[in-house]
>>> print(open('upload-v7.txt').read())   # compact mmCIF, C-alpha atoms
# COMPACT_ATOMS: atom_id res chain seq x y z
CA MET A 1 -62.62 -58.23 -190.83
CA SER A 2 -61.65 -61.82 -191.32
CA ILE A 3 -62.48 -64.53 -188.82
CA LEU A 4 -58.80 -65.13 -188.05
CA ARG A 5 -58.29 -61.46 -187.22
CA LYS A 6 -61.30 -61.50 -184.89
CA LEU A 7 -60.03 -64.62 -183.17
CA GLY A 8 -56.62 -62.99 -182.71
CA PHE A 9 -58.12 -59.88 -181.13
CA GLY A 10 -60.29 -62.06 -178.87
CA LEU A 11 -57.33 -64.11 -177.72
CA VAL A 12 -55.30 -61.00 -176.91
CA ALA A 13 -58.23 -59.47 -175.01
CA THR A 14 -58.78 -62.66 -173.02
CA THR A 15 -55.10 -62.82 -172.12
CA LEU A 16 -55.10 -59.20 -170.97
CA VAL A 17 -58.20 -59.72 -168.84
CA ALA A 18 -56.72 -62.87 -167.29
CA ALA A 19 -53.48 -61.03 -166.53
CA VAL A 20 -55.34 -58.17 -164.87
CA VAL A 21 -57.48 -60.56 -162.82
CA TRP A 22 -54.42 -62.54 -161.76
CA ALA A 23 -52.59 -59.34 -160.80
CA VAL A 24 -55.37 -58.04 -158.56
CA MET A 25 -56.10 -61.39 -156.91
CA PRO A 26 -54.40 -61.84 -153.45
CA GLN A 27 -51.36 -64.09 -153.68
CA PRO A 28 -50.39 -66.68 -151.03
CA VAL A 29 -47.94 -65.18 -148.54
CA PRO A 30 -44.83 -67.31 -147.95
CA VAL A 31 -44.35 -67.87 -144.22
CA ASP A 32 -42.27 -69.95 -141.81
CA LEU A 33 -44.33 -72.53 -139.97
CA ALA A 34 -43.77 -74.51 -136.78
CA ALA A 35 -45.77 -77.18 -135.01
CA VAL A 36 -47.22 -77.08 -131.52
CA THR A 37 -45.48 -79.93 -129.70
CA ARG A 38 -45.60 -81.73 -126.40
CA GLY A 39 -42.42 -82.68 -124.59
CA PRO A 40 -39.95 -81.85 -121.84
CA MET A 41 -39.13 -78.28 -120.83
CA GLN A 42 -36.88 -76.81 -118.19
CA GLY A 43 -36.28 -73.28 -117.02
CA GLU A 44 -32.65 -72.22 -116.85
CA ILE A 45 -30.60 -69.25 -115.71
CA LEU A 46 -27.31 -68.75 -117.51
CA ALA A 47 -24.43 -67.16 -115.63
CA GLN A 48 -20.66 -67.00 -115.49
CA GLY A 49 -18.90 -68.08 -112.33
CA VAL A 50 -15.47 -68.59 -110.81
CA THR A 51 -14.20 -71.77 -109.17
CA ARG A 52 -13.03 -71.60 -105.57
CA VAL A 53 -11.37 -74.09 -103.24
CA ARG A 54 -13.65 -74.66 -100.27
CA ALA A 55 -12.17 -73.64 -96.91
CA PRO A 56 -8.64 -72.71 -98.05
CA HIS A 57 -6.15 -72.34 -95.21
CA ALA A 58 -4.31 -69.02 -95.19
CA ILE A 59 -1.07 -69.26 -93.21
CA THR A 60 0.26 -66.10 -91.56
CA ALA A 61 3.45 -65.34 -89.67
CA PRO A 62 2.95 -66.03 -85.94
CA ILE A 63 5.91 -63.83 -84.98
CA THR A 64 7.88 -60.91 -86.34
CA GLY A 65 11.14 -61.94 -87.94
CA ALA A 66 13.01 -62.80 -91.10
CA ALA A 67 11.34 -65.38 -93.33
CA THR A 68 13.73 -67.49 -95.38
CA ARG A 69 13.13 -68.31 -99.03
CA SER A 70 9.99 -70.42 -99.31
CA PRO A 71 10.77 -74.14 -99.01
CA VAL A 72 7.74 -74.97 -101.18
CA ASP A 73 6.48 -73.83 -104.58
CA VAL A 74 3.00 -73.15 -105.88
CA GLY A 75 1.43 -76.47 -106.85
CA ASP A 76 3.45 -78.57 -104.41
CA HIS A 77 1.56 -81.22 -102.45
CA VAL A 78 1.88 -80.91 -98.68
CA ILE A 79 1.00 -83.25 -95.81
CA ALA A 80 -0.62 -81.99 -92.64
CA GLY A 81 1.81 -81.81 -89.72
CA GLN A 82 4.79 -83.00 -91.78
CA THR A 83 5.66 -80.66 -94.64
CA VAL A 84 7.55 -77.51 -93.61
CA VAL A 85 5.95 -74.66 -95.56
CA ALA A 86 7.73 -71.66 -93.99
CA VAL A 87 10.75 -70.93 -91.81
CA ILE A 88 11.11 -67.73 -89.74
CA GLN A 89 14.10 -66.41 -87.80
CA PRO A 90 12.68 -64.44 -84.85
CA ALA A 91 13.53 -60.76 -84.88
CA GLU A 92 16.47 -59.82 -82.68
CA PRO A 93 15.59 -57.53 -79.78
CA VAL A 94 16.69 -53.92 -79.89
CA LEU A 95 20.21 -53.44 -78.51
CA MET A 96 20.32 -51.67 -75.13
CA ASP A 97 21.94 -48.28 -74.62
CA ALA A 98 24.24 -47.57 -71.66
CA ARG A 99 21.46 -46.33 -69.41
CA THR A 100 19.19 -49.31 -70.08
CA ARG A 101 22.07 -51.72 -69.54
CA ALA A 102 22.97 -50.08 -66.25
CA GLN A 103 19.37 -50.40 -65.09
CA ALA A 104 19.33 -54.06 -66.14
CA GLU A 105 22.58 -54.75 -64.28
CA ALA A 106 21.20 -53.05 -61.17
CA SER A 107 18.09 -55.23 -61.43
CA VAL A 108 20.32 -58.31 -61.52
CA THR A 109 22.23 -57.16 -58.45
CA GLU A 110 18.96 -56.48 -56.64
CA ALA A 111 17.61 -59.90 -57.59
CA GLN A 112 20.82 -61.59 -56.43
CA ALA A 113 20.55 -59.88 -53.07
CA ALA A 114 16.92 -60.96 -52.78
CA VAL A 115 17.96 -64.55 -53.49
CA ALA A 116 20.63 -64.36 -50.78
CA VAL A 117 18.09 -63.05 -48.27
CA ALA A 118 15.65 -65.79 -49.24
CA GLN A 119 18.33 -68.45 -48.83
CA SER A 120 19.19 -67.12 -45.37
CA ASN A 121 15.52 -67.09 -44.39
CA LEU A 122 15.20 -70.66 -45.65
CA GLN A 123 18.15 -71.82 -43.54
CA GLN A 124 16.70 -70.08 -40.52
CA ALA A 125 13.30 -71.67 -41.13
CA GLU A 126 14.86 -75.12 -41.48
CA SER A 127 16.70 -74.68 -38.16
CA GLY A 128 13.50 -73.55 -36.48
CA ARG A 129 11.61 -76.55 -37.78
CA VAL A 130 14.33 -78.98 -36.61
CA HIS A 131 14.28 -77.39 -33.16
CA ALA A 132 10.48 -77.54 -33.01
CA GLU A 133 10.52 -81.19 -34.06
CA ARG A 134 12.95 -82.12 -31.27
CA GLN A 135 10.91 -80.22 -28.73
CA LEU A 136 7.80 -82.08 -29.86
CA GLU A 137 9.47 -85.49 -29.52
CA ARG A 138 10.70 -84.76 -25.95
CA SER A 139 7.34 -83.32 -24.93
CA ARG A 140 5.47 -86.39 -26.14
CA SER A 141 7.73 -88.63 -24.00
CA LEU A 142 7.21 -86.44 -20.95
CA ALA A 143 3.47 -86.26 -21.55
CA GLU A 144 3.27 -90.06 -21.62
CA GLY A 145 4.95 -90.16 -18.18
CA GLY A 146 2.65 -87.47 -16.86
CA THR A 147 5.50 -85.00 -16.29
CA ILE A 148 3.91 -82.17 -18.32
CA PRO A 149 0.25 -81.36 -18.70
CA ARG A 150 -1.70 -82.10 -21.88
CA ARG A 151 -2.22 -78.42 -22.66
CA MET A 152 1.54 -77.78 -22.80
CA LEU A 153 1.91 -80.63 -25.32
CA GLU A 154 -0.74 -79.06 -27.55
CA ASP A 155 1.10 -75.72 -27.50
CA ILE A 156 4.34 -77.44 -28.55
CA GLU A 157 2.55 -79.26 -31.41
CA ALA A 158 1.13 -75.94 -32.63
CA ALA A 159 4.62 -74.42 -32.54
CA TYR A 160 5.91 -77.30 -34.67
CA LEU A 161 3.17 -76.79 -37.29
CA SER A 162 3.95 -73.08 -37.41
CA ALA A 163 7.64 -73.82 -37.96
CA GLN A 164 6.76 -76.18 -40.83
CA GLN A 165 4.61 -73.52 -42.51
CA THR A 166 7.38 -70.96 -42.10
CA LEU A 167 9.74 -73.37 -43.85
CA ASP A 168 7.31 -73.86 -46.76
CA ALA A 169 6.91 -70.11 -47.15
CA ALA A 170 10.70 -69.64 -47.15
CA ARG A 171 11.11 -72.22 -49.89
CA ALA A 172 8.42 -70.52 -52.03
CA GLN A 173 10.05 -67.15 -51.46
CA LEU A 174 13.40 -68.54 -52.62
CA ASP A 175 11.78 -69.87 -55.84
CA LEU A 176 10.19 -66.48 -56.42
CA THR A 177 13.44 -64.56 -56.03
CA ARG A 178 15.30 -67.01 -58.26
CA ALA A 179 12.68 -66.47 -61.00
CA ALA A 180 13.09 -62.71 -60.63
CA LEU A 181 16.86 -63.14 -60.95
CA ALA A 182 16.45 -65.21 -64.13
CA ARG A 183 14.17 -62.55 -65.59
CA ALA A 184 16.66 -59.81 -64.77
CA GLU A 185 19.55 -61.79 -66.23
CA ALA A 186 17.55 -62.42 -69.42
CA GLN A 187 17.57 -58.68 -70.07
CA LEU A 188 21.35 -58.87 -70.42
CA LEU A 189 21.46 -61.90 -72.73
CA ALA A 190 22.86 -61.41 -76.24
CA PRO A 191 20.30 -61.64 -79.09
CA GLN A 192 21.67 -65.00 -80.28
CA ALA A 193 21.52 -66.47 -76.81
CA LEU A 194 17.87 -65.47 -76.58
CA THR A 195 16.87 -67.61 -79.55
CA ASP A 196 19.02 -70.66 -78.92
CA PRO A 197 22.29 -70.53 -76.94
CA ASP A 198 23.61 -73.62 -78.74
CA ALA A 199 22.48 -72.63 -82.24
CA PRO A 200 25.01 -71.34 -84.78
CA PRO A 201 24.66 -67.73 -85.93
CA GLY A 202 21.79 -67.28 -88.39
CA ALA A 203 20.10 -70.53 -87.43
CA CYS A 204 16.32 -70.48 -87.68
CA CYS A 205 14.23 -71.55 -84.74
CA LEU A 206 10.63 -71.52 -86.00
CA GLN A 207 9.43 -73.99 -88.61
CA ILE A 208 5.80 -73.74 -89.73
CA ARG A 209 4.28 -77.01 -90.89
CA ALA A 210 1.25 -77.51 -93.11
CA PRO A 211 -1.96 -77.39 -91.03
CA GLN A 212 -3.84 -79.47 -93.62
CA SER A 213 -3.06 -81.73 -96.54
CA GLY A 214 -3.50 -80.36 -100.05
CA ILE A 215 -1.55 -78.26 -102.52
CA VAL A 216 0.01 -74.82 -102.29
CA LEU A 217 -2.36 -72.43 -104.05
CA GLN A 218 -0.53 -69.16 -103.55
CA ILE A 219 2.67 -67.81 -101.98
CA SER A 220 2.81 -64.16 -100.96
CA ASP A 221 6.53 -63.84 -101.71
CA GLN A 222 8.93 -66.58 -102.71
CA ASN A 223 12.00 -64.66 -101.58
CA ALA A 224 13.54 -64.16 -98.15
CA ARG A 225 12.17 -61.07 -96.43
CA LEU A 226 11.24 -59.44 -93.15
CA VAL A 227 7.70 -60.17 -91.99
CA GLN A 228 5.50 -58.76 -89.27
CA ALA A 229 3.38 -60.96 -87.05
CA GLY A 230 0.15 -61.62 -88.95
CA SER A 231 1.64 -61.10 -92.42
CA PRO A 232 0.29 -63.57 -95.02
CA LEU A 233 2.77 -66.24 -96.08
CA LEU A 234 0.92 -68.74 -98.28
CA THR A 235 -2.43 -70.43 -98.91
CA ILE A 236 -3.10 -74.17 -98.93
CA GLY A 237 -6.23 -75.87 -100.26
CA ASP A 238 -7.65 -79.18 -101.44
CA LEU A 239 -8.64 -79.20 -105.11
CA ALA A 240 -10.91 -82.16 -104.45
CA GLN A 241 -13.16 -79.80 -102.47
CA MET A 242 -14.24 -77.25 -105.08
CA GLU A 243 -17.12 -74.81 -105.30
CA ILE A 244 -18.35 -72.26 -107.83
CA GLU A 245 -19.13 -68.68 -106.93
CA LEU A 246 -21.38 -66.61 -109.18
CA ASP A 247 -23.83 -63.74 -108.96
CA ILE A 248 -27.22 -63.22 -110.62
CA LEU A 249 -30.00 -60.63 -110.55
CA SER A 250 -31.95 -60.66 -107.31
CA PRO A 251 -35.37 -61.44 -108.96
CA ASP A 252 -33.81 -64.53 -110.56
CA ALA A 253 -32.38 -65.63 -107.22
CA VAL A 254 -35.85 -65.64 -105.66
CA ALA A 255 -37.05 -68.22 -108.20
CA ILE A 256 -34.24 -70.72 -107.59
CA PRO A 257 -35.23 -73.65 -105.33
CA ALA A 258 -32.96 -74.90 -102.57
CA GLY A 259 -30.49 -77.52 -103.77
CA ALA A 260 -31.09 -76.72 -107.45
CA GLN A 261 -29.09 -78.72 -109.99
CA ALA A 262 -26.64 -76.99 -112.31
CA LEU A 263 -24.58 -77.88 -115.36
CA VAL A 264 -21.07 -76.48 -115.79
CA GLU A 265 -20.03 -75.92 -119.39
CA ARG A 266 -17.13 -74.33 -121.26
CA TRP A 267 -14.76 -74.98 -118.40
CA GLY A 268 -11.90 -75.99 -120.66
CA GLY A 269 -12.25 -79.75 -120.50
CA ALA A 270 -14.37 -82.35 -122.21
CA GLY A 271 -17.98 -82.91 -121.26
CA THR A 272 -20.28 -81.17 -118.83
CA LEU A 273 -19.77 -81.11 -115.07
CA GLU A 274 -22.50 -81.37 -112.47
CA ALA A 275 -23.00 -79.01 -109.54
CA ARG A 276 -25.57 -78.39 -106.84
CA LEU A 277 -26.66 -75.14 -105.23
CA ARG A 278 -25.42 -74.95 -101.63
CA ARG A 279 -26.20 -71.40 -100.58
CA ILE A 280 -27.83 -68.17 -101.70
CA ASP A 281 -26.52 -65.17 -99.79
CA PRO A 282 -29.26 -63.47 -97.77
CA ALA A 283 -28.09 -59.98 -98.75
CA ALA A 284 -27.74 -58.49 -102.23
CA PHE A 285 -25.19 -55.96 -103.43
CA THR A 286 -25.25 -53.19 -106.03
CA ARG A 287 -23.21 -53.43 -109.21
CA VAL A 288 -23.17 -51.10 -112.20
CA SER A 289 -23.60 -52.95 -115.49
CA ALA A 290 -21.67 -52.28 -118.69
CA LEU A 291 -24.57 -50.04 -119.76
CA GLY A 292 -24.25 -47.93 -116.63
CA ILE A 293 -27.36 -49.38 -114.96
CA GLU A 294 -27.33 -50.14 -111.25
CA GLU A 295 -28.28 -53.76 -110.62
CA GLN A 296 -29.08 -55.59 -107.41
CA ARG A 297 -27.28 -58.89 -107.57
CA VAL A 298 -27.06 -61.87 -105.23
CA ARG A 299 -24.07 -64.17 -104.77
CA LEU A 300 -24.58 -67.94 -105.05
CA ARG A 301 -22.29 -70.83 -104.12
CA LEU A 302 -22.50 -74.23 -105.78
CA ASP A 303 -20.71 -77.44 -104.89
CA LEU A 304 -19.03 -79.33 -107.72
CA ILE A 305 -20.26 -82.90 -107.41
CA SER A 306 -18.46 -84.36 -110.43
CA PRO A 307 -15.51 -86.47 -109.20
CA PRO A 308 -12.04 -84.88 -109.36
CA GLU A 309 -10.91 -87.24 -112.13
CA ASP A 310 -13.66 -85.84 -114.40
CA ARG A 311 -12.41 -82.28 -113.97
CA ALA A 312 -8.66 -82.72 -114.14
CA GLY A 313 -6.89 -79.42 -114.68
CA LEU A 314 -9.65 -77.29 -113.18
CA GLY A 315 -8.10 -75.15 -110.46
CA ASP A 316 -8.88 -72.28 -108.14
CA GLY A 317 -10.11 -69.04 -109.72
CA PHE A 318 -10.99 -70.53 -113.12
CA ARG A 319 -13.90 -69.03 -115.08
CA VAL A 320 -16.79 -71.34 -116.00
CA HIS A 321 -20.26 -71.05 -117.55
CA VAL A 322 -23.16 -72.36 -115.50
CA ARG A 323 -26.74 -73.35 -116.39
CA LEU A 324 -28.89 -73.32 -113.27
CA ILE A 325 -32.02 -75.48 -113.61
CA VAL A 326 -34.85 -73.56 -111.95
CA TRP A 327 -37.70 -75.94 -112.89
CA ALA A 328 -38.28 -78.93 -115.17
CA ASP A 329 -41.27 -80.85 -116.56
CA ASP A 330 -41.25 -83.91 -118.81
CA ASP A 331 -44.61 -83.35 -120.55
CA LEU A 332 -45.69 -79.82 -121.47
CA LEU A 333 -47.62 -78.46 -124.47
CA GLN A 334 -45.37 -75.81 -125.98
CA VAL A 335 -45.12 -73.39 -128.86
CA PRO A 336 -42.16 -71.40 -130.21
CA GLN A 337 -41.94 -67.96 -128.64
CA ALA A 338 -41.45 -66.49 -132.12
CA ALA A 339 -45.07 -67.38 -133.00
CA LEU A 340 -46.61 -65.23 -130.25
CA PHE A 341 -47.71 -61.63 -130.53
CA ARG A 342 -49.62 -59.27 -128.30
CA ASP A 343 -53.41 -59.19 -128.57
CA GLY A 344 -54.81 -56.60 -126.22
CA ASP A 345 -53.86 -57.67 -122.71
CA GLY A 346 -53.18 -61.24 -123.80
CA TRP A 347 -51.36 -63.26 -126.42
CA ALA A 348 -52.31 -64.77 -129.77
CA VAL A 349 -50.93 -66.74 -132.71
CA LEU A 350 -51.77 -67.15 -136.38
CA LEU A 351 -52.84 -70.72 -137.09
CA ARG A 352 -52.61 -72.33 -140.49
CA ASP A 353 -56.15 -73.53 -141.17
CA GLY A 354 -55.99 -75.27 -144.55
CA ASP A 355 -54.23 -72.68 -146.67
CA ARG A 356 -55.60 -69.71 -144.73
CA ALA A 357 -54.46 -67.83 -141.62
CA ARG A 358 -56.67 -67.92 -138.56
CA HIS A 359 -56.29 -65.69 -135.53
CA GLN A 360 -56.19 -67.66 -132.26
CA ARG A 361 -55.89 -66.29 -128.71
CA VAL A 362 -53.82 -68.43 -126.34
CA GLU A 363 -53.08 -68.61 -122.66
CA ILE A 364 -49.41 -69.12 -121.91
CA GLY A 365 -47.34 -70.16 -118.91
CA ARG A 366 -43.62 -70.48 -118.36
CA HIS A 367 -40.84 -69.62 -120.80
CA ALA A 368 -37.72 -71.67 -121.50
CA ALA A 369 -35.10 -71.69 -124.28
CA GLY A 370 -37.28 -70.05 -126.94
CA GLN A 371 -40.31 -72.18 -126.11
CA VAL A 372 -43.45 -71.13 -124.19
CA GLU A 373 -45.81 -73.36 -122.25
CA VAL A 374 -49.36 -73.39 -123.66
CA LEU A 375 -52.08 -73.53 -121.02
CA ALA A 376 -55.09 -73.12 -123.35
CA GLY A 377 -56.02 -72.27 -126.95
CA LEU A 378 -53.87 -74.69 -128.95
CA GLU A 379 -53.67 -78.41 -129.57
CA GLU A 380 -50.68 -80.61 -130.26
CA GLY A 381 -49.77 -80.75 -133.95
CA ALA A 382 -51.29 -77.39 -134.91
CA GLN A 383 -49.25 -75.31 -137.37
CA VAL A 384 -48.45 -71.73 -136.33
CA VAL A 385 -46.80 -68.88 -138.24
CA LEU A 386 -43.39 -67.79 -136.99
CA PHE A 387 -42.62 -64.08 -136.83
CA PRO A 388 -46.07 -63.07 -138.13
CA ALA A 389 -46.04 -59.73 -139.94
CA SER A 390 -48.64 -57.11 -139.13
CA SER A 391 -49.93 -57.41 -142.71
CA LEU A 392 -51.09 -60.98 -142.07
CA THR A 393 -54.73 -60.97 -141.07
CA GLU A 394 -57.55 -63.43 -140.62
CA GLY A 395 -58.12 -65.34 -143.86
CA THR A 396 -54.84 -64.45 -145.53
CA LYS A 397 -53.77 -67.18 -147.89
CA LEU A 398 -50.55 -68.83 -146.76
CA ILE A 399 -47.86 -70.91 -148.37
CA ALA A 400 -45.02 -72.56 -146.48
CA ARG A 401 -41.63 -71.07 -147.25
CA ASP A 402 -39.10 -73.60 -148.48
>>> encode(input="upload-v7.txt", output="structure tokens")
Amino acid sequence: MSILRKLGFGLVATTLVAAVVWAVMPQPVPVDLAAVTRGPMQGEILAQGVTRVRAPHAITAPITGAATRSPVDVGDHVIAGQTVVAVIQPAEPVLMDARTRAQAEASVTEAQAAVAVAQSNLQQAESGRVHAERQLERSRSLAEGGTIPRRMLEDIEAAYLSAQQTLDAARAQLDLTRAALARAEAQLLAPQALTDPDAPPGACCLQIRAPQSGIVLQISDQNARLVQAGSPLLTIGDLAQMEIELDILSPDAVAIPAGAQALVERWGGAGTLEARLRRIDPAAFTRVSALGIEEQRVRLRLDLISPPEDRAGLGDGFRVHVRLIVWADDDLLQVPQAALFRDGDGWAVLLRDGDRARHQRVEIGRHAAGQVEVLAGLEEGAQVVLFPASSLTEGTKLIARD
């Protein structure tokens, strides 16, 4: 065998051996890496809410009657005590049948007779008082001359006082009987005369004015209609005084501090609005989720603190998205949540040590927006593997994925 042939066989054999060795040697595993950083973190709760006007004023009908067509429209501005927001014609009383009318007429006759008796009693009482007054004047003159004793003068003075009291009682009795007569006569008045004797037929007598300044948020019915006392007519509110109502899971509500700040996003306008937590309801309620799971939820109310000019167009009942800030810190050591995996009863990460993987247990704290607070086990700047596969073990050779 020639030397060239031997060299050729040797080269082929060396190549095959090198290929086999390269094939069985462990190759670097491409991985995604992230750095352990230090910076601000804040815990947030995301929720959807609905805007509400604070303390809206619901106006109801104070009497039963016929409401005319609404003099205002939804969106109109009204001024407290000036703008007429509703007009109601009082309901006409039920017409009397013959028997009821006869009874009412008899009551009028009876009241008229009582007035006549009271007038007669008054005249009699006035005459008695005049007579008693004259007797008193004569008796005083006689008593000064010693013609009558002092005791007789005292009796005459008492008689005069009694006559005066009788006159006062007669006058009061006359007023009482006249009031009874007016009440009896009112039963016979025609329906139009009851509302306003001088008003033309169909005239309204009750105008309801706005109790507060603001805009008309809602009108129960724009058209003329019959209403019962207490029926809703319209609602007035001030869009400058807005709040947000939302509900969250009860465990999340426990973690929210009093007066927590909130950011309102996706409300339809430009920028982000600011809000502040005003109240957390003390009682939760049960709601079934879309998955059919019963949840205990708590209702929250937040005040919008951004000025009205920054939220132009935002009205009552609009849906918004809210980020409630539960806690915040400006300087925390943190690691991406995607780098963590369970290690017994704790947590661990895979560190990049040179070009090798190294298993490292860590102690973690709070979570926020895909980041986790690191309490112990890592230092700032360390490289960790994201989404570590179970095949990655201690010492595995790593290469950063492009």
>>> atom_distance(input="upload-v7.txt", atom1="CA of Ile248 in chain A", atom2="CA of Leu332 in chain A")
27.1 Å
>>> closest_atom_pairs(input="upload-v7.txt", of="range 119-231 of chain A", to="range 53-75 of chain A", cutoff="12 Å", atoms="all atoms listed in the file", output="tab-separated table")
residue	atom	partner	partner_atom	distance
A:Thr195	CA	A:Gly65	CA	11.6
A:Gly202	CA	A:Ala66	CA	10.2
A:Ala203	CA	A:Thr68	CA	10.6
A:Cys204	CA	A:Thr68	CA	8.7
A:Cys205	CA	A:Gly65	CA	10.6
A:Leu206	CA	A:Ile63	CA	9.1
A:Gln207	CA	A:Ala67	CA	10.0
A:Ile208	CA	A:Ala61	CA	8.7
A:Arg209	CA	A:Ile59	CA	9.7
A:Ala210	CA	A:Ile59	CA	8.6
A:Pro211	CA	A:His57	CA	7.8
A:Gln212	CA	A:His57	CA	7.7
A:Ser213	CA	A:His57	CA	10.0
A:Gly214	CA	A:Gly75	CA	9.3
A:Ile215	CA	A:Gly75	CA	5.6
A:Val216	CA	A:Val74	CA	5.0
A:Leu217	CA	A:Val74	CA	5.7
A:Gln218	CA	A:Val74	CA	5.8
A:Ile219	CA	A:Val74	CA	6.6
A:Ser220	CA	A:Ser70	CA	9.7
A:Asp221	CA	A:Ser70	CA	7.8
A:Gln222	CA	A:Ser70	CA	5.2
A:Asn223	CA	A:Arg69	CA	4.6
A:Ala224	CA	A:Arg69	CA	4.3
A:Arg225	CA	A:Ala67	CA	5.4
A:Leu226	CA	A:Ala66	CA	4.3
A:Val227	CA	A:Gly65	CA	5.6
A:Gln228	CA	A:Thr64	CA	4.3
A:Ala229	CA	A:Ile63	CA	4.4
A:Gly230	CA	A:Ala61	CA	5.0
A:Ser231	CA	A:Thr60	CA	5.3
>>> write_last_selection(input="upload-v7.txt", atoms="C-alpha atoms", output="PDB file, in the frame of the given file")
ATOM      1  CA  THR A 195      16.870 -67.610 -79.550  1.00  0.00           C
ATOM      2  CA  GLY A 202      21.790 -67.280 -88.390  1.00  0.00           C
ATOM      3  CA  ALA A 203      20.100 -70.530 -87.430  1.00  0.00           C
ATOM      4  CA  CYS A 204      16.320 -70.480 -87.680  1.00  0.00           C
ATOM      5  CA  CYS A 205      14.230 -71.550 -84.740  1.00  0.00           C
ATOM      6  CA  LEU A 206      10.630 -71.520 -86.000  1.00  0.00           C
ATOM      7  CA  GLN A 207       9.430 -73.990 -88.610  1.00  0.00           C
ATOM      8  CA  ILE A 208       5.800 -73.740 -89.730  1.00  0.00           C
ATOM      9  CA  ARG A 209       4.280 -77.010 -90.890  1.00  0.00           C
ATOM     10  CA  ALA A 210       1.250 -77.510 -93.110  1.00  0.00           C
ATOM     11  CA  PRO A 211      -1.960 -77.390 -91.030  1.00  0.00           C
ATOM     12  CA  GLN A 212      -3.840 -79.470 -93.620  1.00  0.00           C
ATOM     13  CA  SER A 213      -3.060 -81.730 -96.540  1.00  0.00           C
ATOM     14  CA  GLY A 214      -3.500 -80.360-100.050  1.00  0.00           C
ATOM     15  CA  ILE A 215      -1.550 -78.260-102.520  1.00  0.00           C
ATOM     16  CA  VAL A 216       0.010 -74.820-102.290  1.00  0.00           C
ATOM     17  CA  LEU A 217      -2.360 -72.430-104.050  1.00  0.00           C
ATOM     18  CA  GLN A 218      -0.530 -69.160-103.550  1.00  0.00           C
ATOM     19  CA  ILE A 219       2.670 -67.810-101.980  1.00  0.00           C
ATOM     20  CA  SER A 220       2.810 -64.160-100.960  1.00  0.00           C
ATOM     21  CA  ASP A 221       6.530 -63.840-101.710  1.00  0.00           C
ATOM     22  CA  GLN A 222       8.930 -66.580-102.710  1.00  0.00           C
ATOM     23  CA  ASN A 223      12.000 -64.660-101.580  1.00  0.00           C
ATOM     24  CA  ALA A 224      13.540 -64.160 -98.150  1.00  0.00           C
ATOM     25  CA  ARG A 225      12.170 -61.070 -96.430  1.00  0.00           C
ATOM     26  CA  LEU A 226      11.240 -59.440 -93.150  1.00  0.00           C
ATOM     27  CA  VAL A 227       7.700 -60.170 -91.990  1.00  0.00           C
ATOM     28  CA  GLN A 228       5.500 -58.760 -89.270  1.00  0.00           C
ATOM     29  CA  ALA A 229       3.380 -60.960 -87.050  1.00  0.00           C
ATOM     30  CA  GLY A 230       0.150 -61.620 -88.950  1.00  0.00           C
ATOM     31  CA  SER A 231       1.640 -61.100 -92.420  1.00  0.00           C
TER      32      SER A 231
END
>>> residues_near_point(input="upload-v7.txt", point="(-29.3, -76.6, -102.0)", cutoff="12 Å", atoms="all atoms listed in the file", output="PyMOL selection string")
chain A and resi 256-262+275-281+300-303+324-326
>>> atom_distance(input="upload-v7.txt", atom1="CA of Leu351 in chain A", atom2="CA of Leu378 in chain A")
9.1 Å
>>> residues_near_point(input="upload-v7.txt", point="(13.1, -55.5, -56.9)", cutoff="8 Å", atoms="only C-alpha atoms", output="count of residues only")
4
>>> closest_residue(input="upload-v7.txt", among="A:Gln112, A:Ser141, A:Gln135, A:Gln187", to="Ala163 in chain A", atoms="all atoms listed in the file")
A:Gln135
>>> closest_residue(input="upload-v7.txt", among="A:Val84, A:Met41, A:Ala34, A:Ala106", to="Asp329 in chain A", atoms="only C-alpha atoms")
A:Met41
>>> atom_distance(input="upload-v7.txt", atom1="CA of His321 in chain A", atom2="CA of Leu46 in chain A")
7.4 Å
>>> axis_aligned_box(input="upload-v7.txt", around="range 348-355 of chain A", padding_each_side="5 Å", output="AutoDock Vina command-line options")
--center_x -53.5 --center_y -70.0 --center_z -138.2 --size_x 15.2 --size_y 20.5 --size_z 26.9
>>> closest_residue(input="upload-v7.txt", among="A:Val130, A:Ala255, A:Ala312, A:Leu350", to="Gly268 in chain A", atoms="all atoms listed in the file")
A:Ala312
>>> closest_residue(input="upload-v7.txt", among="A:Gly377, A:Ala172, A:Val264, A:Thr235", to="Val50 in chain A", atoms="all atoms listed in the file")
A:Val264
